[in-house]
Structure formats: C-alpha cells, structure tokens
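Colleague: Next comes the structure file start-v1.cif, holding mmCIF, C-alpha atoms.
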```
data_upload
loop_
_atom_site.label_atom_id
_atom_site.label_comp_id
_atom_site.auth_asym_id
_atom_site.auth_seq_id
_atom_site.Cartn_x
_atom_site.Cartn_y
_atom_site.Cartn_z
CA MET Y 26 153.72 52.50 90.59
CA PHE Y 27 151.46 50.95 87.97
CA THR Y 28 151.34 47.63 89.81
CA LEU Y 29 150.61 49.32 93.13
CA LEU Y 30 147.72 51.31 91.65
CA ARG Y 31 146.28 48.33 89.83
CA GLN Y 32 146.36 46.19 92.96
CA SER Y 33 144.91 48.95 95.14
CA LEU Y 34 142.03 49.54 92.77
CA SER Y 35 140.91 45.93 93.19
CA ILE Y 36 140.39 46.36 96.94
CA PRO Y 37 136.64 46.73 97.60
CA GLU Y 38 137.24 48.58 100.89
CA LEU Y 39 139.34 51.32 99.24
CA PRO Y 40 137.68 54.68 100.16
CA ASP Y 41 135.93 56.48 97.31
CA GLN Y 42 138.17 59.53 97.47
CA VAL Y 43 141.30 57.36 97.31
CA THR Y 44 139.72 55.40 94.45
CA LYS Y 45 139.16 58.64 92.55
CA LEU Y 46 142.78 59.72 92.99
CA THR Y 47 144.05 56.26 92.12
CA ILE Y 48 142.19 56.27 88.81
CA GLU Y 49 143.38 59.80 88.08
CA VAL Y 50 147.04 58.86 88.57
CA LEU Y 51 146.54 55.64 86.62
CA TYR Y 52 145.14 57.68 83.73
CA TYR Y 53 148.22 59.92 83.65
CA ILE Y 54 150.53 56.91 83.70
CA CYS Y 55 148.87 55.51 80.58
CA SER Y 56 149.63 57.15 77.26
CA PRO Y 57 147.24 60.01 76.38
CA ASP Y 58 146.65 58.72 72.84
CA ALA Y 59 143.76 56.49 71.74
CA ALA Y 60 145.68 53.28 72.38
CA GLY Y 61 146.61 54.44 75.88
CA GLU Y 62 143.00 55.31 76.61
CA ARG Y 63 141.86 51.85 75.58
CA GLU Y 64 144.53 50.33 77.81
CA PHE Y 65 143.41 52.55 80.67
CA CYS Y 66 139.78 51.44 80.25
CA SER Y 67 140.77 47.80 80.05
CA ILE Y 68 142.81 48.00 83.26
CA VAL Y 69 140.06 49.77 85.20
CA LEU Y 70 137.36 47.37 84.01
CA GLU Y 71 139.52 44.42 85.06
CA SER Y 72 139.59 45.95 88.54
CA VAL Y 73 135.82 46.34 88.40
CA ALA Y 74 135.55 42.63 87.64
CA ASP Y 75 137.83 41.77 90.57
CA VAL Y 76 135.81 43.92 92.95
CA HIS Y 77 132.45 42.64 91.80
CA ASP Y 78 133.43 38.99 91.99
CA THR Y 79 133.86 39.37 95.75
CA ILE Y 80 130.06 39.01 95.89
CA VAL Y 81 130.36 35.38 94.83
CA ASP Y 82 131.14 33.42 97.97
CA ASP Y 83 130.79 30.12 96.15
CA PRO Y 84 130.86 29.37 92.40
CA THR Y 85 127.66 27.39 92.79
CA ASP Y 86 125.70 30.40 94.04
CA ASP Y 87 122.97 31.72 91.82
CA VAL Y 88 124.74 34.78 90.53
CA GLU Y 89 122.43 35.06 87.54
CA ASP Y 90 119.69 36.46 89.76
CA SER Y 91 122.00 39.01 91.31
CA PHE Y 92 123.14 42.24 89.71
CA HIS Y 93 125.39 40.45 87.17
CA SER Y 94 128.86 39.00 87.35
CA ALA Y 95 131.21 41.78 86.34
CA ARG Y 96 133.95 39.25 85.65
CA SER Y 97 131.82 37.23 83.27
CA GLU Y 98 130.06 40.06 81.49
CA VAL Y 99 132.58 42.90 81.45
CA SER Y 100 135.43 40.68 80.33
CA GLY Y 101 133.24 38.62 78.02
CA LEU Y 102 133.44 35.27 79.81
CA SER Y 103 130.43 32.95 80.06
CA THR Y 104 128.05 33.37 82.99
CA PRO Y 105 128.16 30.53 85.53
CA THR Y 106 125.16 28.24 85.29
CA LYS Y 107 122.61 27.65 88.03
CA GLY Y 108 123.10 24.75 90.34
CA GLY Y 109 123.86 23.80 93.89
CA ARG Y 110 122.16 26.83 95.42
CA LYS Y 111 122.87 27.03 99.13
CA ALA Y 112 119.97 27.34 101.44
CA MET Y 113 120.15 30.70 103.10
CA ASN Y 114 118.04 31.86 105.95
CA ALA Y 115 116.47 35.32 106.00
CA GLU Y 116 119.38 36.93 107.85
CA ASP Y 117 121.95 35.55 105.42
CA ALA Y 118 119.84 36.72 102.48
CA ARG Y 119 119.64 40.22 103.93
CA GLU Y 120 123.37 40.38 104.53
CA ARG Y 121 123.99 39.11 101.01
CA ALA Y 122 121.67 41.78 99.56
CA VAL Y 123 123.39 44.53 101.53
CA LYS Y 124 126.80 43.29 100.40
CA GLU Y 125 125.66 43.27 96.77
CA ILE Y 126 124.45 46.86 97.02
CA VAL Y 127 127.72 48.01 98.58
CA ILE Y 128 129.84 46.20 95.97
CA ASN Y 129 127.65 47.39 93.10
CA MET Y 130 127.95 50.96 94.34
CA LYS Y 131 131.73 50.55 94.52
CA CYS Y 132 131.92 49.18 90.98
CA LEU Y 133 129.77 51.99 89.61
CA HIS Y 134 131.90 54.56 91.43
CA ILE Y 135 135.04 53.15 89.77
CA VAL Y 136 133.32 53.29 86.38
CA GLN Y 137 132.14 56.84 87.05
CA CYS Y 138 135.68 57.99 87.87
CA MET Y 139 136.98 56.28 84.73
CA LEU Y 140 134.36 57.89 82.48
CA THR Y 141 135.22 61.39 83.68
CA HIS Y 142 138.70 61.05 82.15
CA ILE Y 143 138.12 59.48 78.74
CA VAL Y 144 137.27 61.52 75.65
CA GLY Y 145 137.06 58.96 72.86
CA HIS Y 146 133.96 57.67 71.11
CA LEU Y 147 132.10 55.06 73.09
CA LYS Y 148 131.38 52.76 70.15
CA ASP Y 149 135.07 52.62 69.21
CA ASN Y 150 135.88 50.82 72.46
CA ALA Y 151 134.42 47.33 72.79
CA ASP Y 152 135.18 47.23 76.53
CA LEU Y 153 133.12 50.36 77.11
CA VAL Y 154 130.21 49.03 75.07
CA SER Y 155 130.27 45.82 77.09
CA MET Y 156 130.49 47.80 80.33
CA LEU Y 157 127.49 49.91 79.27
CA ASN Y 158 125.30 46.94 78.38
CA ASN Y 159 126.25 44.66 81.26
CA LEU Y 160 126.96 47.03 84.14
CA VAL Y 161 125.45 50.49 83.65
CA VAL Y 162 122.13 49.61 82.01
CA PRO Y 163 121.28 46.92 84.58
CA ALA Y 164 122.14 49.43 87.32
CA VAL Y 165 119.69 51.98 85.92
CA ARG Y 166 117.02 49.26 85.90
CA SER Y 167 117.85 48.14 89.43
CA HIS Y 168 115.17 48.19 92.12
CA GLU Y 169 117.70 49.56 94.61
CA ALA Y 170 117.53 53.36 94.59
CA PRO Y 171 121.24 54.05 95.38
CA VAL Y 172 122.39 51.69 92.64
CA ARG Y 173 119.88 53.09 90.18
CA GLU Y 174 120.91 56.70 90.83
CA ARG Y 175 124.62 56.03 90.51
CA GLY Y 176 123.93 54.05 87.36
CA LEU Y 177 122.10 57.09 86.01
CA VAL Y 178 125.21 59.22 86.49
CA CYS Y 179 127.33 56.66 84.64
CA LEU Y 180 124.78 56.51 81.83
CA GLY Y 181 124.93 60.29 81.56
CA LEU Y 182 128.72 60.18 81.25
CA CYS Y 183 128.42 57.52 78.56
CA ALA Y 184 125.93 59.71 76.71
CA LEU Y 185 128.53 62.48 76.49
CA GLN Y 186 130.64 60.21 74.29
CA ASP Y 187 127.89 59.16 71.91
CA ARG Y 188 125.23 61.47 70.47
CA SER Y 189 122.84 58.70 69.47
CA LEU Y 190 122.99 57.28 73.00
CA ALA Y 191 122.26 60.74 74.40
CA GLU Y 192 119.26 61.22 72.12
CA GLU Y 193 117.89 57.78 72.93
CA ASN Y 194 118.03 58.40 76.68
CA LEU Y 195 116.85 62.01 76.86
CA GLY Y 196 113.36 60.80 77.71
CA LEU Y 197 114.80 58.67 80.53
CA PHE Y 198 116.69 61.61 82.07
CA ILE Y 199 113.58 63.79 81.79
CA HIS Y 200 111.55 61.04 83.46
CA PHE Y 201 113.97 60.90 86.38
CA PHE Y 202 113.65 64.69 86.75
CA ASN Y 203 109.86 64.63 86.71
CA LYS Y 204 109.47 61.68 89.07
CA GLY Y 205 112.58 61.84 91.24
CA HIS Y 206 113.29 63.45 94.59
CA ALA Y 207 115.20 66.73 94.88
CA ALA Y 208 118.71 65.24 94.76
CA LEU Y 209 117.82 63.10 91.76
CA GLN Y 210 116.29 66.10 89.99
CA ILE Y 211 119.54 68.01 90.45
CA THR Y 212 121.51 65.06 89.06
CA ALA Y 213 119.20 64.88 86.05
CA LEU Y 214 119.61 68.62 85.44
CA HIS Y 215 123.40 68.32 85.53
CA ILE Y 216 123.31 65.42 83.07
CA LEU Y 217 120.97 67.22 80.66
CA THR Y 218 123.07 70.38 80.80
CA ASP Y 219 126.27 68.47 80.08
CA ILE Y 220 124.60 66.74 77.13
CA LEU Y 221 123.46 70.09 75.72
CA ASN Y 222 126.94 71.56 76.12
CA VAL Y 223 128.56 68.62 74.35
CA HIS Y 224 126.04 67.71 71.65
CA GLY Y 225 124.38 71.06 70.99
CA ALA Y 226 121.06 72.77 71.67
CA HIS Y 227 119.32 71.22 68.64
CA LEU Y 228 117.97 68.78 71.20
CA PHE Y 229 115.62 71.54 72.38
CA SER Y 230 113.83 71.48 69.04
CA SER Y 231 113.84 67.69 68.70
CA THR Y 232 112.68 67.19 72.29
CA PRO Y 233 110.18 69.92 73.31
CA ALA Y 234 109.85 68.42 76.80
CA LEU Y 235 113.48 69.38 77.46
CA LEU Y 236 112.71 73.11 77.48
CA LYS Y 237 109.82 72.50 79.87
CA VAL Y 238 112.20 70.80 82.31
CA TYR Y 239 114.35 73.92 82.69
CA VAL Y 240 111.43 76.34 82.83
CA LYS Y 241 109.65 74.18 85.42
CA ALA Y 242 112.79 73.89 87.55
CA VAL Y 243 113.51 77.64 87.42
CA LYS Y 244 109.91 78.40 88.36
CA SER Y 245 109.93 76.03 91.35
CA ARG Y 246 109.03 78.81 93.79
CA SER Y 247 110.42 77.99 97.19
CA LYS Y 248 112.26 79.86 99.87
CA SER Y 249 115.06 77.27 99.92
CA SER Y 250 114.94 75.28 96.73
CA ASP Y 251 118.18 73.54 95.80
CA VAL Y 252 116.53 72.38 92.60
CA GLN Y 253 115.75 75.94 91.57
CA ALA Y 254 119.31 77.03 92.35
CA ALA Y 255 120.77 74.21 90.24
CA ALA Y 256 118.36 74.97 87.39
CA ILE Y 257 119.17 78.68 87.42
CA MET Y 258 122.92 78.07 87.31
CA ALA Y 259 122.51 75.52 84.52
CA THR Y 260 120.23 77.78 82.49
CA SER Y 261 122.56 80.74 83.00
CA LYS Y 262 125.48 78.75 81.64
CA LEU Y 263 123.49 77.64 78.60
CA LEU Y 264 122.53 81.23 77.77
CA LEU Y 265 125.82 82.91 78.63
CA GLY Y 266 127.78 80.28 76.72
CA ARG Y 267 125.44 80.68 73.71
CA VAL Y 268 124.70 76.97 73.77
CA VAL Y 269 121.03 77.76 73.22
CA THR Y 270 120.56 79.76 70.02
CA ASP Y 271 116.89 79.23 69.15
CA GLU Y 272 115.18 82.59 69.72
CA GLU Y 273 111.98 81.17 71.15
CA ALA Y 274 113.85 78.93 73.62
CA CYS Y 275 116.16 81.81 74.64
CA GLN Y 276 113.20 84.09 75.31
CA GLU Y 277 111.39 81.48 77.37
CA LEU Y 278 114.48 80.69 79.45
CA LEU Y 279 115.50 84.32 79.96
CA LYS Y 280 111.96 85.31 80.95
CA SER Y 281 111.86 82.60 83.62
CA LEU Y 282 115.24 83.75 85.00
CA VAL Y 283 114.23 87.43 85.24
CA ILE Y 284 110.94 86.61 86.96
CA ALA Y 285 112.77 84.33 89.40
CA TYR Y 286 115.17 87.18 90.18
CA PHE Y 287 112.39 89.55 91.21
CA ASP Y 288 110.21 86.88 92.83
CA PRO Y 289 110.10 87.64 96.58
CA LEU Y 290 110.01 83.93 97.41
CA SER Y 291 113.56 83.57 96.07
CA ALA Y 292 114.86 86.46 98.18
CA SER Y 293 116.06 84.13 100.93
CA ASN Y 294 117.67 81.67 98.49
CA GLN Y 295 121.15 83.14 98.46
CA THR Y 296 122.44 80.75 95.78
CA VAL Y 297 119.71 81.90 93.39
CA ARG Y 298 120.28 85.58 94.11
CA GLN Y 299 124.05 85.34 93.82
CA ALA Y 300 123.87 83.48 90.51
CA LEU Y 301 121.38 85.93 88.98
CA ASN Y 302 123.16 88.99 90.39
CA TYR Y 303 126.13 87.91 88.33
CA PHE Y 304 124.40 86.49 85.28
CA LEU Y 305 121.84 89.15 84.33
CA PRO Y 306 124.19 92.17 83.94
CA VAL Y 307 127.00 90.10 82.43
CA PHE Y 308 124.62 88.50 79.92
CA CYS Y 309 123.09 91.83 78.87
CA TYR Y 310 126.27 93.90 78.75
CA SER Y 311 128.36 91.30 76.89
CA ARG Y 312 126.49 91.44 73.54
CA SER Y 313 124.09 93.80 71.82
CA SER Y 314 122.06 90.81 70.66
CA ASN Y 315 121.60 89.81 74.30
CA GLN Y 316 120.31 93.29 75.11
CA ASP Y 317 117.84 93.01 72.28
CA LEU Y 318 116.70 89.66 73.65
CA MET Y 319 116.16 91.23 77.07
CA ARG Y 320 114.25 94.09 75.43
CA SER Y 321 111.95 91.65 73.65
CA ILE Y 322 110.75 90.12 76.93
CA SER Y 323 110.78 93.21 79.18
CA LEU Y 324 107.12 94.20 78.83
CA VAL Y 325 106.03 90.60 79.21
CA VAL Y 326 108.11 90.31 82.40
CA LEU Y 327 106.55 93.47 83.82
CA HIS Y 328 103.07 92.13 83.11
CA SER Y 329 103.87 88.78 84.73
CA LEU Y 330 105.36 90.44 87.81
CA LEU Y 331 102.32 92.68 88.17
CA ASN Y 332 100.15 89.57 88.19
CA LEU Y 333 102.52 87.91 90.66
CA ARG Y 334 102.30 90.87 93.03
CA ASP Y 335 98.51 90.97 92.75
CA GLY Y 336 98.40 87.26 93.54
CA LEU Y 337 100.49 87.79 96.67
CA GLU Y 338 98.16 90.55 97.80
CA ASP Y 339 95.13 88.33 97.24
CA ASP Y 340 96.72 85.61 99.36
CA ASP Y 341 97.40 88.11 102.16
CA GLU Y 342 101.10 87.28 102.07
CA ALA Y 343 102.05 90.66 103.48
CA ASP Y 344 105.46 89.53 104.66
CA VAL Y 345 106.33 88.23 101.19
CA ASP Y 346 104.89 91.25 99.42
CA GLU Y 347 107.08 93.59 101.48
CA ASP Y 348 110.16 91.87 100.07
CA MET Y 349 109.12 92.44 96.45
CA MET Y 350 110.94 95.24 94.69
CA GLY Y 351 108.81 98.16 93.52
CA MET Y 352 107.50 97.87 89.96
CA ALA Y 353 109.04 101.20 88.97
CA THR Y 354 112.43 99.97 90.21
CA ILE Y 355 112.01 96.74 88.26
CA GLY Y 356 111.22 98.73 85.12
CA ALA Y 357 114.34 100.83 85.69
CA CYS Y 358 116.42 97.65 85.97
CA LEU Y 359 115.10 96.37 82.65
CA VAL Y 360 115.90 99.68 80.97
CA ASP Y 361 119.37 99.73 82.53
CA TRP Y 362 120.13 96.17 81.35
CA THR Y 363 119.23 97.20 77.81
CA ASP Y 364 121.20 100.48 77.89
CA PRO Y 365 123.41 100.36 74.76
CA ARG Y 366 126.03 102.58 76.39
CA LYS Y 367 126.83 99.84 78.87
CA CYS Y 368 127.22 97.10 76.30
CA TYR Y 369 130.75 95.85 75.65
CA GLY Y 370 132.23 96.84 72.31
CA ALA Y 371 135.56 96.93 70.56
CA THR Y 372 135.80 100.69 71.22
CA SER Y 373 134.84 100.54 74.88
CA VAL Y 374 138.50 100.69 76.00
CA LEU Y 375 139.32 103.61 73.73
CA GLU Y 376 136.05 105.42 74.48
CA PRO Y 377 135.16 104.53 78.05
CA GLU Y 378 132.31 107.04 78.26
CA LYS Y 379 130.68 105.74 75.06
CA LYS Y 380 128.49 108.80 74.68
CA HIS Y 381 127.42 107.96 71.16
CA VAL Y 382 126.61 104.35 70.38
CA ASN Y 383 123.99 102.65 68.29
CA GLY Y 384 120.79 102.98 70.32
CA ASP Y 385 118.41 100.96 68.17
CA VAL Y 386 117.63 98.67 71.09
CA HIS Y 387 116.04 101.51 73.09
CA LEU Y 388 114.22 102.83 70.03
CA ASP Y 389 112.74 99.36 69.61
CA PHE Y 390 111.90 99.44 73.31
CA ALA Y 391 110.00 102.69 72.76
CA LEU Y 392 108.13 101.21 69.81
CA ASP Y 393 107.19 98.18 71.93
CA ILE Y 394 105.79 100.49 74.60
CA LEU Y 395 103.80 102.48 72.05
CA ASP Y 396 102.48 99.33 70.49
CA ARG Y 397 101.43 98.03 73.92
CA LEU Y 398 99.70 101.29 74.81
CA HIS Y 399 97.91 101.60 71.48
CA THR Y 400 96.51 98.10 71.21
CA ASN Y 401 95.28 95.38 73.52
CA ILE Y 402 97.27 92.65 71.74
CA SER Y 403 100.70 93.81 70.67
CA SER Y 404 101.49 92.73 67.13
CA LYS Y 405 105.20 93.41 67.59
CA LEU Y 406 105.37 91.43 70.80
CA ILE Y 407 103.62 88.52 69.11
CA ARG Y 408 106.14 88.71 66.26
CA CYS Y 409 109.08 88.48 68.61
CA MET Y 410 107.39 85.86 70.82
CA PRO Y 411 105.59 83.31 68.62
CA TYR Y 412 104.89 81.08 71.62
CA SER Y 413 102.56 83.83 72.97
CA PHE Y 414 103.54 84.70 76.51
CA PHE Y 415 100.18 86.33 77.19
CA ILE Y 416 96.94 87.27 75.46
CA LEU Y 417 95.15 90.25 76.96
CA THR Y 418 91.78 91.80 76.25
CA THR Y 419 92.50 94.93 78.30
CA ILE Y 420 95.51 96.67 79.78
CA ALA Y 421 95.26 97.86 83.38
CA GLU Y 422 95.67 101.55 84.12
CA GLU Y 423 98.52 100.82 86.52
CA GLU Y 424 100.39 98.93 83.82
CA LYS Y 425 99.86 101.82 81.39
CA LYS Y 426 101.42 104.27 83.83
CA LEU Y 427 104.25 101.89 84.58
CA ILE Y 428 105.35 101.26 81.02
CA ALA Y 429 104.71 104.86 79.90
CA GLY Y 430 107.06 106.02 82.64
CA LEU Y 431 109.86 104.06 80.97
CA PHE Y 432 109.93 106.56 78.08
CA SER Y 433 111.91 109.04 80.16
CA LYS Y 434 114.59 106.46 80.96
CA LEU Y 435 115.32 105.39 77.38
CA TYR Y 436 118.48 106.57 75.62
CA VAL Y 437 118.12 108.11 72.17
CA SER Y 438 121.46 108.11 70.37
CA PRO Y 439 122.34 110.15 67.27
CA GLU Y 440 124.35 107.13 66.14
CA SER Y 441 121.21 104.99 65.78
CA SER Y 442 120.20 103.91 62.30
CA GLN Y 443 118.37 106.64 60.39
CA ASP Y 444 115.40 104.48 59.45
CA LYS Y 445 114.86 103.47 63.07
CA LEU Y 446 115.11 107.10 64.24
CA ARG Y 447 112.58 108.24 61.66
CA GLU Y 448 110.17 105.42 62.51
CA ALA Y 449 110.38 106.07 66.25
CA TYR Y 450 110.04 109.86 65.85
CA GLU Y 451 107.00 109.51 63.61
CA ASP Y 452 105.20 107.12 65.97
CA ILE Y 453 106.02 109.17 69.07
CA SER Y 454 104.86 112.38 67.38
CA VAL Y 455 101.54 110.73 66.58
CA ALA Y 456 101.25 109.56 70.20
CA VAL Y 457 101.84 113.14 71.43
CA ASP Y 458 99.31 114.61 69.01
CA ASP Y 459 96.70 112.00 69.90
CA GLY Y 460 97.17 112.47 73.64
CA LEU Y 461 97.99 108.80 74.18
CA CYS Y 462 99.02 109.34 77.81
CA ALA Y 463 96.32 110.70 80.07
CA ASP Y 464 98.05 111.38 83.39
CA ALA Y 465 100.63 114.13 83.84
CA THR Y 466 103.56 111.88 84.74
CA SER Y 467 103.10 109.71 81.67
CA ARG Y 468 102.67 112.75 79.43
CA ASN Y 469 105.89 114.30 80.72
CA SER Y 470 107.72 111.04 80.10
CA LEU Y 471 106.38 110.91 76.53
CA TYR Y 472 107.25 114.58 75.93
CA LYS Y 473 110.80 113.98 77.13
CA ILE Y 474 111.55 111.24 74.60
CA HIS Y 475 109.77 113.29 71.93
CA VAL Y 476 112.10 116.23 72.51
#
```
Mind turning this structure into structure tokens?
Modeller:
Amino acid sequence: MFTLLRQSLSIPELPDQVTKLTIEVLYYICSPDAAGEREFCSIVLESVADVHDTIVDDPTDDVEDSFHSARSEVSGLSTPTKGGRKAMNAEDARERAVKEIVINMKCLHIVQCMLTHIVGHLKDNADLVSMLNNLVVPAVRSHEAPVRERGLVCLGLCALQDRSLAEENLGLFIHFFNKGHAALQITALHILTDILNVHGAHLFSSTPALLKVYVKAVKSRSKSSDVQAAAIMATSKLLLGRVVTDEEACQELLKSLVIAYFDPLSASNQTVRQALNYFLPVFCYSRSSNQDLMRSISLVVLHSLLNLRDGLEDDDEADVDEDMMGMATIGACLVDWTDPRKCYGATSVLEPEKKHVNGDVHLDFALDILDRLHTNISSKLIRCMPYSFFILTTIAEEEKKLIAGLFSKLYVSPESSQDKLREAYEDISVAVDDGLCADATSRNSLYKIHV
C-alpha cells in the first residue's frame, strides 16, 4: 500500500482530489508521532521533487531561470549550471511556460495537502524549512497569478506552525487583501482568521491594520458580496470563540456586524443574513459579558443606522429604504438581545422562567440612555468606547424619541446589585422631576421604568 501511494503521488497527471486522498491515507500509514511526521514530510517532498523535475526536458536546459528545481532545492542537491541552452521558438517557449505553471500548481497542491495534516513546529523540520524557502516563497513572488495565489495558501499554512513566521507575514496577507480580487480577498481573510485562532488575538494590538481589514470587509456594502459573507462568518467565529478579548476591538467588530445585519443592502445576501441570524442571539444569550458588550454599542448602532437611513432617503433609494427595518423594531431587538432573563446561566435548567436574575445590564442601558438625553457628548459612552464612535454637537429630536422609548422595554430586576439600583433610581427620579422627556410617549416610557 505504501509503495502504491508513493508511486501514485509522483504522477503529475494524478487528479487533485485523488492526490488529496492519497496524501491523507499516506499520513495515516505513517506513525502519528514526531518521527512519523518527519518521515511523512520527507516522502511527500520527494514526490514533489519527482513531479517538478518533469519540467526539465534536458539537463542542459536553463532551469535556473524557471521556477526552481524542486529536486535540487527541496532535497538539498546542487542546482544544475547554465549551458547548452536549446534554441526555442515562440511556440515552444509558450508551451514550456504553460507546462511550468501546471507543474508548479501541482507541486504546490501536494504541499498544501501535506501541510493540512502536520502539527509540529516548522523550524524543527529541516525539510519543511527548505520547502518553505525554495518552493513556497518563490511561488508567492511569482509573476503568474495562479501560482502566486496557491503559494499564498501554502505560506498561510506554514505560518500556522510558526508564530514568528506568521507575525513577519501579516503585512503580506493584509496587502493581498487590500490589493487582490474578491477570491484572493476571501483567501486572505481565511488565512488571517486561522492565524488569529492559532496564535492569539494579541496580533490585533501589535498590528492595528488587522482590525481595519475585518471592519472594512464587513462593511463592504453590496447586494451579493462574497467577501462580506466570508468576513462576517470569520468575525463571528472570532467573537463567539472568544479569540478576540480586547474590549475596543470587540466593540468595533460587533458594531460592524450589527449594522451589517440591519443594512438593507445585505437583505438579499442570504449567506450574510443566515450567519448573523444565528450569531447575534447566540452570542448575546451565551454570556452576560457579551450582553454587556452589546449594550455598550447599542446607542451608537442606533445613531449610525439613523444616519444610514437618512442617507438612503437623500439618495432616493426608495426600493432599498423599504427593505430597512423600522427604527423602533431595531431598538426592540437591541433590548431583547441584552435581556438578562434570556442569558444562559447555571440555573437556567432548574429555573426555566428565570423571573429574577441580575439585571444590571439593563440598568446600565437606562443610565446610557439618560446620559445620552442629558448631554450632547455622552461621557459614559466615551468611557466604554475610547476609540470614539461618534462626536455629536446636537441630538436629533427623532433620536431622542427613539431612545427614550426604550425605557419601557427594559427589565428591572430585584436581584440587581443594590448600588446599581440606587444609582439608576436616583438618576431616573431626577429625569422625571426635571421633565427630561417632552412628548407624551417618551414621558410615559420614563414613568414606567420609574415606577
């Protein structure tokens, strides 16, 4: 079986799907320990050398100017010297170039399949280091787009096995996202997300441009954006898996996801809607800290969506505006996602109704609303969002009515902390005495939470 697989893997015409299965079976045949993994890598790279050497029709050809000789560089042998170059006409040169691309793509596919199975450290395996320097890196630098893109995938897989390599190439992956076409942007997003999952979200703080990549991709407003869908699923996994822990980064990412959910231009993107329909309630109801994070961005989201709706009206996009959910409904969704009674807890099975739970999150929500209504620039919002989502000089009357109406939807629990209850009651009592809300609906909403 081993001999059959090894011989089959050296056939350049072997279909990619068969190649993938061949490498998978070959991996299981080898021992799962470190020595077996090194043997597995050595065997596969020997096959890569055999496949790549099919480019060389004659030993006297100038292989130094081609991609590289996999036999000479992967296995450490000396590169053949120049000499005796055959004269090739234009047609022969074109056929040779096409053959090189096909063979290079095949070699990189074999390497890609191999890298998906190994888990050891890259620098501990000399064969892998040689493969990286002599096969993957030249592929990334290739002028041929297919070779370059497949080389990028292999480089991303190598980066998963070495943190320093990942950190060194973050800028490269970000560059490919910023400058690449849609498919390449999706590939770059997948690579960056895998790196964050493996090496940790500290890369957000060390590389500020990384956060901008995700926010930009999530905000790519289009009725059928595959890039936006890939970014939303990647961002959702980072937040739901608690890979990202920095508060500022979490707020920025969550804000972009919520706005994308209510954006009418994403209504027809079923992948986006399906992903967010699952993510947003699961994220909020799984942890009280997640609900508090949602609470901290809720008023900012409402303000941004109001501006978004006004912009659609100014552009006379009536058909798009009709698809946008009503602002009152959006506010109700934000309150519902932060409802402490719906949050999972250790007692949720024993007390399914959960009538009395800690409701500090909604008391903080009420204080945020009061703070927003009292002042033009909310000191509490600025405290919880140091990156300053918005700076306002005035607050529109419509926004006042909208956020004041949320008072009646908030849940006040007797199990909330006493200090928080006293603080909220004192501030709300002052708001009632001062007549903070002018219209009847807002006053009734304020009176309700006061009672």
Colleague: May I ask which of the residues Y:Ala207, Y:Ala164, Y:Val43, Y:Leu157 is the closest one to Gln186 in chain Y, counting all atoms listed in the file?
Modeller: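 Among Y:Ala207, Y:Ala164, Y:Val43, Y:Leu157, it is Y:Leu157 that comes nearest to Gln186 in chain Y.
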Colleague: Kindly give the distance, in Å, that separates CA of Ser231 in chain Y and CA of Asn203 in chain Y, rounded to a single decimal.
Modeller: 18.7 Å
Colleague: Take the PyMOL selection byres ((chain Y and resi 33-36) around 12), apply it to the structure above, and return the hits as a PyMOL selection string.
Modeller: chain Y and resi 26-32+37-51+68-79+128+131-132+134-136+138-139
Colleague: Write out as a list in words the residues lying within 10 Å of Phe229 in chain Y, counting all atoms listed in the file and excluding same-chain residues fewer than 4 positions away.
Modeller: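 Non-adjacent residues within range: Leu221, Gly225, Pro233, Ala234, Leu235, Leu236, Lys237, Val269, Thr270, Asp271 and Ala274 of chain Y.
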Colleague: Could you list, as a VMD selection string, every residue matched by the PyMOL selection byres ((chain Y and resi 169-185) around 7) in this structure?
Modeller: chain Y and resid 126 129 to 130 133 137 140 161 164 to 168 186 to 188 190 to 191 216 220 223
Colleague: Asp452 in chain Y: which residues within 9 Å, counting all atoms listed in the file, same-chain residues fewer than 4 positions away excluded, as a list of chain:residue names?
Modeller: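 The contact residues come out as Y:Leu392, Y:Leu395, Y:Arg447, Y:Glu448, Y:Ala456, Y:Val457.
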